[in-house]
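Trainee: As input, take structure_20.txt (compact mmCIF, C-alpha atoms):
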```
# COMPACT_ATOMS: atom_id res chain seq x y z
CA MET A 1 -54.35 -31.53 -54.11
CA ASN A 2 -53.94 -35.05 -52.88
CA SER A 3 -54.36 -35.11 -49.12
CA ALA A 4 -53.27 -38.75 -48.86
CA LEU A 5 -49.76 -37.76 -49.98
CA PHE A 6 -49.69 -35.08 -47.28
CA LEU A 7 -50.85 -37.57 -44.67
CA CYS A 8 -48.30 -40.17 -45.77
CA THR A 9 -45.49 -37.64 -45.47
CA VAL A 10 -46.67 -36.54 -42.06
CA VAL A 11 -47.03 -40.13 -40.80
CA VAL A 12 -43.48 -40.88 -41.92
CA LEU A 13 -42.36 -37.71 -40.15
CA PHE A 14 -44.14 -38.82 -36.97
CA GLY A 15 -42.61 -42.29 -37.22
CA MET A 16 -39.12 -40.87 -37.61
CA GLY A 17 -39.68 -38.68 -34.57
CA ALA A 18 -41.01 -41.60 -32.51
CA LEU A 19 -38.18 -43.91 -33.54
CA GLY A 20 -35.66 -41.21 -32.80
CA THR A 21 -37.07 -40.85 -29.29
CA PHE A 22 -36.44 -44.52 -28.60
CA LEU A 23 -33.26 -45.07 -30.56
CA ASN A 24 -31.41 -42.02 -29.40
CA ARG A 25 -30.89 -42.50 -25.70
CA ARG A 26 -27.57 -40.70 -25.55
CA ASN A 27 -28.78 -37.19 -25.32
CA PHE A 28 -31.79 -35.83 -23.49
CA LEU A 29 -31.81 -32.77 -25.72
CA ILE A 30 -32.11 -34.83 -28.92
CA MET A 31 -35.02 -36.70 -27.35
CA LEU A 32 -36.74 -33.37 -26.71
CA LEU A 33 -36.12 -32.39 -30.33
CA CYS A 34 -37.69 -35.66 -31.49
CA ILE A 35 -40.75 -35.04 -29.31
CA GLU A 36 -40.95 -31.62 -30.93
CA VAL A 37 -40.93 -33.27 -34.38
CA MET A 38 -43.76 -35.57 -33.29
CA LEU A 39 -45.86 -32.65 -32.05
CA LEU A 40 -45.19 -30.79 -35.28
CA SER A 41 -46.37 -33.72 -37.37
CA VAL A 42 -49.53 -34.01 -35.24
CA ASN A 43 -50.09 -30.33 -35.90
CA LEU A 44 -49.72 -30.93 -39.64
CA VAL A 45 -52.19 -33.83 -39.48
CA PHE A 46 -54.78 -31.60 -37.84
CA LEU A 47 -54.25 -28.82 -40.38
CA THR A 48 -54.37 -31.19 -43.37
CA GLY A 49 -57.53 -32.79 -42.06
CA SER A 50 -59.04 -29.39 -41.43
CA VAL A 51 -58.43 -28.36 -45.04
CA THR A 52 -59.56 -31.72 -46.43
CA VAL A 53 -62.88 -32.08 -44.63
CA ASP A 54 -63.42 -28.30 -44.50
CA ASP A 55 -63.85 -28.13 -40.75
CA LEU A 56 -62.45 -25.34 -38.60
CA ASN A 57 -62.09 -27.50 -35.48
CA GLY A 58 -58.88 -28.97 -36.86
CA GLN A 59 -57.25 -25.55 -36.90
CA LEU A 60 -58.48 -24.95 -33.35
CA LEU A 61 -56.86 -28.22 -32.26
CA ALA A 62 -53.69 -27.24 -34.10
CA LEU A 63 -53.55 -24.07 -32.02
CA TRP A 64 -54.01 -26.23 -28.92
CA VAL A 65 -51.15 -28.53 -29.95
CA LEU A 66 -48.98 -25.48 -30.58
CA THR A 67 -49.60 -24.23 -27.05
CA ALA A 68 -48.95 -27.68 -25.60
CA ALA A 69 -45.69 -27.93 -27.56
CA ALA A 70 -44.54 -24.60 -26.21
CA ALA A 71 -45.36 -25.55 -22.62
CA GLU A 72 -43.72 -28.96 -23.04
CA THR A 73 -40.57 -27.41 -24.42
CA ALA A 74 -40.31 -24.90 -21.60
CA LEU A 75 -40.72 -27.54 -18.89
CA GLY A 76 -38.58 -30.15 -20.67
CA LEU A 77 -35.71 -27.74 -21.11
CA ALA A 78 -36.02 -26.72 -17.46
CA LEU A 79 -35.69 -30.40 -16.48
CA CYS A 80 -32.75 -30.70 -18.88
CA VAL A 81 -30.95 -27.79 -17.20
CA LEU A 82 -31.70 -29.24 -13.76
CA TYR A 83 -30.41 -32.69 -14.71
CA PHE A 84 -27.27 -31.29 -16.27
CA ARG A 85 -26.58 -29.35 -13.07
CA LEU A 86 -26.98 -32.53 -11.02
CA ARG A 87 -24.94 -34.97 -13.10
CA SER A 88 -23.11 -32.75 -15.62
CA THR A 89 -24.13 -35.09 -18.41
CA LEU A 90 -27.21 -35.51 -20.56
CA ASP A 91 -27.13 -39.30 -20.82
CA VAL A 92 -30.66 -40.65 -20.52
CA GLU A 93 -29.57 -44.10 -19.38
CA LEU A 94 -28.16 -42.63 -16.20
CA ILE A 95 -31.54 -41.34 -15.07
CA SER A 96 -32.11 -44.26 -12.74
CA LEU A 97 -32.13 -42.57 -9.36
CA MET A 98 -35.80 -43.39 -8.84
CA LYS A 99 -35.36 -47.09 -9.60
CA GLY A 100 -34.66 -48.08 -6.02
CA MET B 1 -47.95 -27.92 -57.46
CA SER B 2 -46.99 -31.54 -57.00
CA SER B 3 -43.34 -30.93 -57.90
CA SER B 4 -43.01 -28.28 -55.20
CA PHE B 5 -44.75 -30.62 -52.78
CA ALA B 6 -42.26 -33.39 -53.60
CA LEU B 7 -39.37 -30.99 -53.12
CA ILE B 8 -40.60 -29.70 -49.77
CA ALA B 9 -41.60 -33.13 -48.42
CA THR B 10 -38.24 -34.64 -49.37
CA GLY B 11 -36.48 -31.71 -47.75
CA ALA B 12 -38.49 -32.16 -44.55
CA LEU B 13 -37.77 -35.89 -44.30
CA MET B 14 -34.09 -35.39 -45.07
CA SER B 15 -33.75 -32.66 -42.47
CA VAL B 16 -35.38 -34.93 -39.85
CA PHE B 17 -32.97 -37.70 -40.76
CA LEU B 18 -29.96 -35.39 -40.53
CA MET B 19 -31.28 -34.02 -37.24
CA MET B 20 -31.28 -37.47 -35.69
CA ARG B 21 -27.95 -38.53 -37.17
CA SER B 22 -25.87 -35.47 -36.38
CA LYS B 23 -23.75 -35.76 -33.27
CA ASN B 24 -23.46 -32.11 -32.41
CA PRO B 25 -26.63 -30.80 -30.69
CA VAL B 26 -26.18 -27.37 -32.27
CA HIS B 27 -26.34 -28.94 -35.73
CA SER B 28 -29.43 -30.87 -34.64
CA VAL B 29 -31.15 -27.64 -33.62
CA PHE B 30 -30.32 -26.04 -36.95
CA TYR B 31 -31.70 -29.05 -38.83
CA LEU B 32 -34.83 -28.69 -36.69
CA VAL B 33 -35.12 -25.09 -37.87
CA LEU B 34 -34.80 -26.38 -41.45
CA LEU B 35 -37.60 -28.85 -40.74
CA PHE B 36 -39.81 -26.05 -39.39
CA LEU B 37 -39.19 -24.03 -42.54
CA HIS B 38 -40.11 -27.00 -44.73
CA CYS B 39 -43.27 -27.60 -42.73
CA SER B 40 -44.30 -23.98 -43.16
CA GLY B 41 -43.74 -24.55 -46.87
CA LEU B 42 -46.17 -27.47 -46.69
CA LEU B 43 -48.68 -25.18 -44.98
CA VAL B 44 -48.24 -22.64 -47.79
CA LEU B 45 -49.21 -25.43 -50.20
CA LEU B 46 -52.29 -26.06 -48.07
CA GLY B 47 -53.14 -22.36 -48.17
CA LEU B 48 -53.12 -21.61 -44.44
CA GLU B 49 -51.25 -18.31 -44.23
CA TYR B 50 -52.02 -17.66 -40.58
CA PHE B 51 -50.53 -20.97 -39.54
CA VAL B 52 -47.50 -20.42 -41.74
CA LEU B 53 -46.77 -17.18 -39.94
CA LEU B 54 -47.59 -18.75 -36.56
CA GLN B 55 -45.19 -21.60 -37.24
CA LEU B 56 -42.41 -19.27 -38.29
CA LEU B 57 -43.06 -16.96 -35.34
CA VAL B 58 -43.47 -19.53 -32.57
CA TYR B 59 -41.39 -22.49 -33.69
CA VAL B 60 -38.49 -20.81 -35.48
CA GLY B 61 -38.57 -17.52 -33.64
CA ALA B 62 -39.00 -18.76 -30.10
CA LEU B 63 -38.69 -22.55 -29.71
CA ALA B 64 -35.51 -22.97 -31.72
CA ILE B 65 -33.96 -20.00 -29.94
CA LEU B 66 -34.87 -21.59 -26.60
CA PHE B 67 -33.21 -24.86 -27.66
CA LEU B 68 -30.10 -22.98 -28.79
CA PHE B 69 -29.96 -21.11 -25.49
CA VAL B 70 -30.08 -24.36 -23.55
CA VAL B 71 -27.40 -25.95 -25.77
CA MET B 72 -25.22 -22.91 -25.12
CA LEU B 73 -26.11 -22.89 -21.43
CA LEU B 74 -25.15 -26.47 -20.76
CA ASP B 75 -21.69 -26.55 -22.35
CA ILE B 76 -21.93 -30.21 -23.26
CA PRO B 77 -18.43 -31.73 -23.23
CA SER B 78 -16.96 -32.61 -26.58
CA THR B 79 -16.54 -36.25 -25.56
CA GLU B 80 -20.29 -36.58 -25.40
CA ILE B 81 -20.71 -35.07 -28.83
CA LEU B 82 -18.57 -37.72 -30.48
CA ARG B 83 -20.36 -40.68 -28.96
CA HIS B 84 -22.65 -42.74 -31.12
CA GLN B 85 -26.27 -43.27 -30.43
CA ARG B 86 -27.34 -46.35 -28.64
CA GLY B 87 -30.86 -47.45 -28.12
CA THR B 88 -33.42 -50.06 -27.37
CA TYR B 89 -33.90 -51.49 -30.81
CA PRO B 90 -36.58 -54.12 -29.94
CA VAL B 91 -38.89 -51.57 -28.30
CA ALA B 92 -38.42 -49.20 -31.21
CA GLY B 93 -39.09 -52.04 -33.68
CA VAL B 94 -42.33 -53.06 -31.97
CA LEU B 95 -43.51 -49.45 -31.76
CA GLY B 96 -42.61 -48.80 -35.38
CA LEU B 97 -44.49 -51.92 -36.45
CA CYS B 98 -47.55 -50.76 -34.47
CA LEU B 99 -47.34 -47.34 -36.10
CA ILE B 100 -47.07 -48.77 -39.61
CA LEU B 101 -49.97 -51.15 -38.95
CA SER B 102 -52.20 -48.44 -37.56
CA ALA B 103 -51.35 -46.10 -40.40
CA LEU B 104 -52.19 -48.81 -42.95
CA LEU B 105 -55.47 -49.53 -41.19
CA ALA B 106 -56.28 -45.83 -41.07
CA PHE B 107 -55.56 -45.37 -44.76
CA THR B 108 -57.47 -48.43 -45.91
CA GLN B 109 -60.50 -47.77 -43.74
CA PRO B 110 -63.56 -46.50 -45.57
CA LEU B 111 -64.33 -42.94 -44.59
CA VAL B 112 -68.08 -43.24 -44.11
CA GLU B 113 -68.34 -46.24 -41.78
CA SER B 114 -65.56 -45.16 -39.49
CA PRO B 115 -66.31 -45.85 -35.82
CA PHE B 116 -64.31 -42.80 -34.84
CA GLN B 117 -66.48 -40.43 -36.79
CA THR B 118 -68.51 -38.12 -34.63
CA SER B 119 -71.80 -36.56 -35.49
CA PRO B 120 -71.52 -33.09 -36.95
CA ILE B 121 -72.68 -30.04 -35.05
CA PRO B 122 -76.43 -29.63 -35.50
CA THR B 123 -77.47 -26.40 -37.12
CA THR B 124 -80.89 -24.80 -37.03
CA SER B 125 -81.58 -25.45 -40.68
CA THR B 126 -81.17 -29.22 -40.52
CA PHE B 127 -82.75 -29.55 -37.12
CA THR B 128 -86.30 -30.89 -37.12
CA GLY B 129 -87.10 -30.84 -33.41
CA GLN B 130 -88.21 -34.23 -32.19
CA ASN B 131 -86.11 -34.29 -29.04
CA SER B 132 -86.56 -31.54 -26.51
CA ASP B 133 -83.23 -32.25 -24.88
CA PHE B 134 -81.62 -31.73 -28.24
CA VAL B 135 -83.21 -28.32 -28.64
CA SER B 136 -81.45 -26.71 -25.72
CA SER B 137 -78.08 -27.97 -26.85
CA SER B 138 -78.57 -26.88 -30.43
CA ARG B 139 -79.80 -23.46 -29.36
CA HIS B 140 -76.40 -22.86 -27.84
CA TYR B 141 -74.75 -23.46 -31.17
CA SER B 142 -77.25 -21.47 -33.14
CA PHE B 143 -76.65 -18.54 -30.82
CA TRP B 144 -73.05 -18.47 -31.88
CA ASN B 145 -73.92 -19.25 -35.47
CA ASN B 146 -75.64 -15.89 -35.67
CA TYR B 147 -72.28 -14.20 -35.30
CA ARG B 148 -70.69 -16.07 -38.15
CA THR B 149 -71.01 -13.36 -40.71
CA ALA B 150 -67.30 -13.01 -41.41
CA THR B 151 -65.88 -14.78 -44.41
CA SER B 152 -62.18 -14.91 -43.62
CA THR B 153 -60.79 -18.14 -42.18
CA VAL B 154 -58.91 -16.36 -39.44
CA ALA B 155 -61.99 -14.37 -38.52
CA ASN B 156 -64.02 -17.57 -38.26
CA LEU B 157 -61.21 -19.05 -36.21
CA GLY B 158 -61.44 -16.07 -33.89
CA ILE B 159 -65.16 -16.62 -33.46
CA ARG B 160 -64.53 -20.28 -32.68
CA LEU B 161 -61.68 -19.42 -30.34
CA TYR B 162 -63.36 -16.67 -28.35
CA GLY B 163 -67.02 -17.55 -28.76
CA VAL B 164 -67.77 -21.24 -29.00
CA HIS B 165 -64.68 -22.64 -27.29
CA ALA B 166 -63.79 -19.89 -24.85
CA ASP B 167 -63.39 -22.47 -22.08
CA LEU B 168 -60.55 -24.07 -24.02
CA LEU B 169 -58.92 -20.66 -24.21
CA ILE B 170 -58.96 -20.34 -20.42
CA ILE B 171 -57.53 -23.85 -20.02
CA ARG B 172 -54.84 -22.92 -22.53
CA SER B 173 -53.89 -19.85 -20.53
CA LEU B 174 -53.65 -22.05 -17.42
CA LEU B 175 -51.34 -24.39 -19.34
CA LEU B 176 -49.10 -21.50 -20.28
CA LEU B 177 -49.18 -20.31 -16.66
CA VAL B 178 -48.10 -23.76 -15.48
CA ALA B 179 -45.26 -23.73 -18.00
CA MET B 180 -44.07 -20.32 -16.87
CA VAL B 181 -44.30 -21.03 -13.14
CA GLY B 182 -42.74 -24.48 -13.56
CA ALA B 183 -39.80 -23.22 -15.57
CA VAL B 184 -39.08 -20.47 -13.06
CA GLY B 185 -39.54 -22.74 -10.04
CA LEU B 186 -37.33 -25.47 -11.46
CA THR B 187 -34.42 -23.50 -12.80
CA LEU B 188 -34.19 -20.49 -10.53
CA LYS B 189 -31.96 -21.51 -7.65
CA ARG B 190 -30.96 -18.15 -6.29
CA PRO B 191 -30.42 -18.37 -2.51
CA VAL B 192 -32.41 -15.72 -0.73
CA SER B 193 -30.08 -15.35 2.25
CA VAL B 194 -27.06 -14.21 0.27
CA PRO B 195 -26.42 -10.53 1.00
CA ASN B 196 -26.54 -8.72 -2.30
CA GLN B 197 -24.42 -5.63 -2.64
CA ASP B 198 -26.63 -2.73 -3.58
CA VAL B 199 -24.40 0.22 -4.40
CA PHE B 200 -27.24 2.71 -4.46
CA ARG B 201 -28.38 1.84 -0.96
CA GLN B 202 -24.81 1.88 0.35
CA HIS B 203 -24.21 5.39 -0.98
CA TYR B 204 -27.43 6.77 0.29
CA VAL B 205 -27.10 5.72 3.94
CA ASP B 206 -27.53 8.75 6.17
CA PHE B 207 -24.68 8.50 8.66
CA GLN B 208 -26.33 10.91 11.07
CA LYS B 209 -29.21 8.52 11.50
CA SER B 210 -27.21 5.31 11.52
CA LEU B 211 -26.01 5.97 15.09
CA VAL B 212 -28.64 5.06 17.64
CA GLN B 213 -29.08 7.44 20.55
CA ILE B 214 -29.68 5.69 23.83
CA PRO B 215 -31.66 7.77 26.32
CA GLN B 216 -29.92 8.75 29.55
CA ASN B 217 -32.37 7.16 31.92
CA LYS B 218 -31.88 3.73 30.37
CA ILE B 219 -28.19 3.60 31.30
CA MET C 1 -49.27 -19.64 -56.17
CA THR C 2 -48.12 -16.48 -57.93
CA GLU C 3 -48.87 -14.32 -54.90
CA TYR C 4 -45.95 -15.89 -53.04
CA VAL C 5 -43.34 -14.79 -55.58
CA GLY C 6 -42.52 -11.75 -53.47
CA VAL C 7 -41.95 -13.93 -50.41
CA LEU C 8 -39.71 -16.22 -52.45
CA LEU C 9 -37.75 -13.22 -53.73
CA TYR C 10 -37.39 -11.95 -50.17
CA ILE C 11 -36.10 -15.31 -48.92
CA ALA C 12 -33.67 -15.56 -51.85
CA ILE C 13 -32.32 -12.06 -51.22
CA ALA C 14 -31.95 -12.76 -47.47
CA VAL C 15 -30.11 -16.05 -48.00
CA GLY C 16 -27.93 -14.59 -50.74
CA LEU C 17 -27.02 -11.59 -48.60
CA GLY C 18 -26.06 -13.87 -45.72
CA ILE C 19 -23.88 -16.03 -47.95
CA VAL C 20 -22.23 -13.01 -49.56
CA ILE C 21 -21.45 -11.36 -46.21
CA LEU C 22 -20.05 -14.56 -44.69
CA PHE C 23 -17.84 -15.41 -47.65
CA ARG C 24 -16.60 -11.87 -48.25
CA SER C 25 -15.60 -11.49 -44.61
CA TYR C 26 -13.89 -14.88 -44.80
CA LYS C 27 -11.95 -13.91 -47.91
CA VAL C 28 -11.12 -10.29 -47.14
CA ARG C 29 -9.86 -10.66 -43.58
CA PRO C 30 -6.08 -10.76 -43.06
CA ARG C 31 -4.68 -13.99 -41.69
CA ARG C 32 -1.23 -13.38 -40.33
CA LEU C 33 -0.88 -15.66 -37.33
CA ASP C 34 2.39 -15.61 -35.48
CA LEU C 35 3.56 -17.07 -32.19
CA GLU C 36 2.94 -13.86 -30.27
CA LYS C 37 -0.72 -13.86 -31.22
CA ALA C 38 -1.26 -17.56 -30.60
CA THR C 39 0.16 -17.67 -27.06
CA ALA C 40 -1.90 -16.86 -24.03
CA TYR C 41 -2.33 -13.30 -22.84
CA GLU C 42 -0.49 -11.87 -19.89
CA CYS C 43 -3.60 -12.02 -17.78
CA GLY C 44 -3.93 -15.74 -18.43
CA PHE C 45 -6.80 -15.77 -20.93
CA GLU C 46 -6.54 -17.90 -24.02
CA PRO C 47 -6.62 -15.85 -27.24
CA PHE C 48 -8.80 -18.41 -29.01
CA GLY C 49 -11.52 -20.08 -27.02
CA GLU C 50 -14.60 -22.18 -27.55
CA ALA C 51 -17.51 -20.42 -29.14
CA ARG C 52 -19.80 -22.20 -26.69
CA SER C 53 -19.19 -20.73 -23.30
CA PRO C 54 -21.77 -21.24 -20.57
CA PHE C 55 -23.75 -18.20 -19.63
CA ASP C 56 -26.35 -17.08 -17.16
CA ILE C 57 -29.68 -18.85 -16.58
CA GLY C 58 -31.45 -15.50 -16.89
CA PHE C 59 -31.24 -15.63 -20.68
CA TYR C 60 -33.19 -18.87 -20.63
CA LEU C 61 -35.90 -17.44 -18.39
CA VAL C 62 -36.26 -14.37 -20.58
CA ALA C 63 -36.50 -16.65 -23.64
CA ILE C 64 -39.29 -18.64 -21.95
CA LEU C 65 -41.10 -15.41 -21.16
CA PHE C 66 -40.69 -14.39 -24.80
CA LEU C 67 -42.10 -17.74 -25.97
CA ILE C 68 -45.18 -17.49 -23.75
CA PHE C 69 -45.99 -13.93 -24.74
CA ASP C 70 -45.26 -14.70 -28.38
CA ILE C 71 -48.03 -17.27 -28.31
CA GLU C 72 -50.28 -14.82 -26.48
CA VAL C 73 -49.79 -12.18 -29.17
CA ALA C 74 -50.41 -14.81 -31.85
CA PHE C 75 -53.75 -15.50 -30.18
CA LEU C 76 -54.66 -11.83 -30.20
CA LEU C 77 -54.80 -11.73 -34.00
CA PRO C 78 -57.96 -13.90 -34.37
CA TRP C 79 -59.66 -11.79 -31.72
CA VAL C 80 -58.95 -8.61 -33.64
CA LEU C 81 -60.10 -10.11 -36.95
CA GLY C 82 -63.18 -12.02 -35.89
CA GLY C 83 -63.45 -12.39 -32.16
CA ILE C 84 -64.69 -8.85 -31.67
CA SER C 85 -68.05 -9.86 -33.08
CA THR C 86 -68.57 -12.35 -30.23
CA GLY C 87 -69.46 -9.43 -28.00
CA SER C 88 -68.88 -9.03 -24.31
CA SER C 89 -68.49 -12.72 -23.44
CA GLY C 90 -65.69 -13.11 -25.95
CA PHE C 91 -64.14 -9.94 -24.62
CA PHE C 92 -64.21 -11.20 -21.05
CA ALA C 93 -62.76 -14.56 -22.09
CA PHE C 94 -60.01 -12.64 -23.84
CA LEU C 95 -59.46 -10.49 -20.74
CA LEU C 96 -59.31 -13.56 -18.49
CA PHE C 97 -56.71 -15.07 -20.82
CA LEU C 98 -54.58 -11.95 -20.49
CA VAL C 99 -55.07 -11.75 -16.72
CA VAL C 100 -53.96 -15.35 -16.12
CA LEU C 101 -50.80 -14.79 -18.15
CA THR C 102 -50.16 -11.53 -16.31
CA ILE C 103 -50.36 -13.45 -13.03
CA GLY C 104 -47.56 -15.67 -14.29
CA PHE C 105 -45.54 -12.65 -15.32
CA VAL C 106 -46.00 -11.02 -11.90
CA PHE C 107 -44.96 -14.29 -10.24
CA GLU C 108 -41.81 -14.43 -12.31
CA TRP C 109 -41.04 -10.81 -11.51
CA GLN C 110 -41.63 -11.24 -7.79
CA LYS C 111 -39.50 -14.38 -7.75
CA GLY C 112 -36.59 -12.33 -9.02
CA ALA C 113 -36.14 -14.14 -12.31
CA LEU C 114 -35.78 -10.90 -14.24
CA GLU C 115 -33.16 -9.32 -12.00
CA TRP C 116 -29.55 -9.22 -13.10
CA SER C 117 -27.29 -8.90 -10.13
```
The structure given in the file should be rewritten as structure tokens.
Mentor:
Amino acid sequence: MNSALFLCTVVVLFGMGALGTFLNRRNFLIMLLCIEVMLLSVNLVFLTGSVTVDDLNGQLLALWVLTAAAAETALGLALCVLYFRLRSTLDVELISLMKG
Amino acid sequence: MSSSFALIATGALMSVFLMMRSKNPVHSVFYLVLLFLHCSGLLVLLGLEYFVLLQLLVYVGALAILFLFVVMLLDIPSTEILRHQRGTYPVAGVLGLCLILSALLAFTQPLVESPFQTSPIPTTSTFTGQNSDFVSSSRHYSFWNNYRTATSTVANLGIRLYGVHADLLIIRSLLLLVAMVGAVGLTLKRPVSVPNQDVFRQHYVDFQKSLVQIPQNKI
Amino acid sequence: MTEYVGVLLYIAIAVGLGIVILFRSYKVRPRRLDLEKATAYECGFEPFGEARSPFDIGFYLVAILFLIFDIEVAFLLPWVLGGISTGSSGFFAFLLFLVVLTIGFVFEWQKGALEWS
């Protein structure tokens, strides 16, 4: 089992998620999905490293990332619902009320 | 083994690409589910059954359902679905370049002389005992090491989770508590002063007691 | 990898059953659309509407509750398999974990997020 191949795939996955967060500024929901992809790839990095170096701390950190992803999704979707109620759109570029 | 890995990895990357390119958010959520399934396939190749089931249970079973609920809840107008994506290409280019550079540096770095490598946890067998400050810290670990008689990975994970790193477990529960309280406090906008019609209470009003008797001497 | 053949068979049967049910119901159903069916009802409702109609926020809150307690139950499995051997301190950490999440549940209940009026 070549772990470098796994890591390459996961890094490409993370890069696609990160680029999608910045390129897709039309829809807040798609941005949340891209953040979810990034957290998933971080999770996979921890698990692959845990198997490769035979250390259980990687799996512990993967559990931590899983919990953080769940909490982030709950709060992000709550903000999404709140913003849609306020403006009835999900356009990210219109979130400029705090700009002064 | 490597052919199945190529299949699953290609499927994962393609589903991410389709997720970002599709204009309908419902299709994006379904491509995200496809990505989760492919990632659990990768975990099967790694041999981590507990995490495969966890991924299917938490990500597909709960997170994707939550996303679908919000997509249904919001009723995004169809004009917004058809619009193309628009973004800050220079920022994304610089960040992508940084990511590629750091990934190349990480892959080409020799494993042994890495500055990010931490010292492994000292065990009682390798410990020689020159530093007295070191003894007290290593005794803590050796205390938990006595319990590590189980052989299963999940059992060892349980010992790590509830024995060595129990403080992280408490912090994790606080994180989940914050998520729950925050979601309720943000989205629940039910006005308290609105009189709710409770049919049960209306039917069970005792009309004999609803009239107030005023004593004679008060008049 | 031969121990996963059963899982693969299960997934194949599930996907095949879904495809078969969808396509059979698509093929078998009668499609006789006339003007009387396509016009609006007497009460004013449209006979064919969007599949995506907005619904109550309570579904979302219940889904969040499900997500949180899903993760909690997933954390109970390592305790059953190996965490029992950590003794009373592991047990009290486990209990504290449950108590903190129960506080959140009680908060949500008292806030009225689970009531359908």
Trainee: Output as JSON lines one row per residue of chain A within 8 Å of chain C: the closest atom pair and its distance in Å to one decimal place, counting all atoms listed in the file, sorted by chain and residue number ascending.
Mentor:
```
{"residue": "A:Thr67", "atom": "CA", "partner": "C:Ile71", "partner_atom": "CA", "distance": 7.2}
{"residue": "A:Ala70", "atom": "CA", "partner": "C:Leu67", "partner_atom": "CA", "distance": 7.3}
{"residue": "A:Ala74", "atom": "CA", "partner": "C:Ile64", "partner_atom": "CA", "distance": 6.4}
```
Trainee: Taking all atoms listed in the file into account, produce a table as CSV in which each residue of chain B with an atom at most 9 Å from an atom of chain C appears once, together with its shortest atom pair and the distance in Å to one decimal, ordered by chain and rising number.
Mentor:
```
residue,atom,partner,partner_atom,distance
B:Met1,CA,C:Met1,CA,8.5
B:Val44,CA,C:Tyr4,CA,8.9
B:Leu45,CA,C:Met1,CA,8.3
B:Leu54,CA,C:Ala74,CA,6.8
B:Leu57,CA,C:Asp70,CA,7.6
B:Val58,CA,C:Ile71,CA,6.6
B:Gly61,CA,C:Leu67,CA,8.4
B:Ala62,CA,C:Leu67,CA,5.3
B:Leu63,CA,C:Leu67,CA,7.0
B:Ile65,CA,C:Ala63,CA,7.6
B:Leu66,CA,C:Ala63,CA,6.0
B:Phe69,CA,C:Tyr60,CA,6.3
B:Val70,CA,C:Tyr60,CA,7.0
B:Val71,CA,C:Arg52,CA,8.5
B:Met72,CA,C:Arg52,CA,5.7
B:Leu73,CA,C:Pro54,CA,4.7
B:Leu74,CA,C:Pro54,CA,6.2
B:Asp75,CA,C:Pro54,CA,5.6
B:Ile76,CA,C:Arg52,CA,9.0
B:Trp144,CA,C:Thr86,CA,7.8
B:Tyr147,CA,C:Ser85,CA,6.5
B:Arg148,CA,C:Ser85,CA,8.4
B:Thr149,CA,C:Ser85,CA,8.9
B:Ala150,CA,C:Gly82,CA,7.0
B:Ser152,CA,C:Gly82,CA,8.3
B:Val154,CA,C:Pro78,CA,5.7
B:Ala155,CA,C:Gly82,CA,3.7
B:Asn156,CA,C:Gly82,CA,6.1
B:Leu157,CA,C:Pro78,CA,6.4
B:Gly158,CA,C:Pro78,CA,4.1
B:Ile159,CA,C:Gly83,CA,4.7
B:Arg160,CA,C:Gly83,CA,8.0
B:Leu161,CA,C:Gly83,CA,7.5
B:Tyr162,CA,C:Gly90,CA,4.9
B:Gly163,CA,C:Gly90,CA,5.4
B:Val164,CA,C:Gly90,CA,8.9
B:Ala166,CA,C:Ala93,CA,6.1
B:Asp167,CA,C:Ala93,CA,7.9
B:Leu169,CA,C:Phe97,CA,6.9
B:Ile170,CA,C:Phe97,CA,5.7
B:Ile171,CA,C:Phe97,CA,8.9
B:Arg172,CA,C:Phe97,CA,8.2
B:Ser173,CA,C:Phe97,CA,5.6
B:Leu174,CA,C:Val100,CA,6.8
B:Leu176,CA,C:Ile68,CA,6.6
B:Leu177,CA,C:Gly104,CA,5.5
B:Val178,CA,C:Gly104,CA,8.2
B:Ala179,CA,C:Ile68,CA,8.5
B:Met180,CA,C:Gly104,CA,6.4
B:Val181,CA,C:Gly104,CA,6.4
B:Ala183,CA,C:Leu61,CA,7.5
B:Val184,CA,C:Glu108,CA,6.7
B:Gly185,CA,C:Lys111,CA,8.7
B:Thr187,CA,C:Ile57,CA,7.6
B:Leu188,CA,C:Ala113,CA,6.9
B:Arg190,CA,C:Gly112,CA,8.5
B:Asn196,CA,C:Ser117,CA,7.9
B:Gln197,CA,C:Ser117,CA,8.7
```
Trainee: Please identify all residues of chain A having at least one atom at most 8 Å from any atom of chain B, considering all atoms listed in the file, and return them as a ChimeraX atom specification.
Mentor: /A:1,9,11-13,15-20,22-26,29-30,33-34,37,44,48,51,56,59-60,64,67-68,70-75,77-79,81-82,84,89-90
Trainee: Report, in Å with one decimal, the straight-line distance from atom CA of Leu37 of chain B to atom CA of Val60 of chain B.
Mentor: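 That distance, rounded to one decimal, is 7.8 Å.
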Trainee: Using atom CA of Tyr10 of chain C and atom CA of Gly11 of chain B as the two end points, give the distance in Å to one decimal.
Mentor: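 Distance between the two atoms: 19.9 Å.
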Trainee: In Å, with one decimal, what is the gap from atom CA of Val28 of chain C to atom CA of Gly49 of chain C?
Mentor: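 Interatomic distance here is 22.4 Å.
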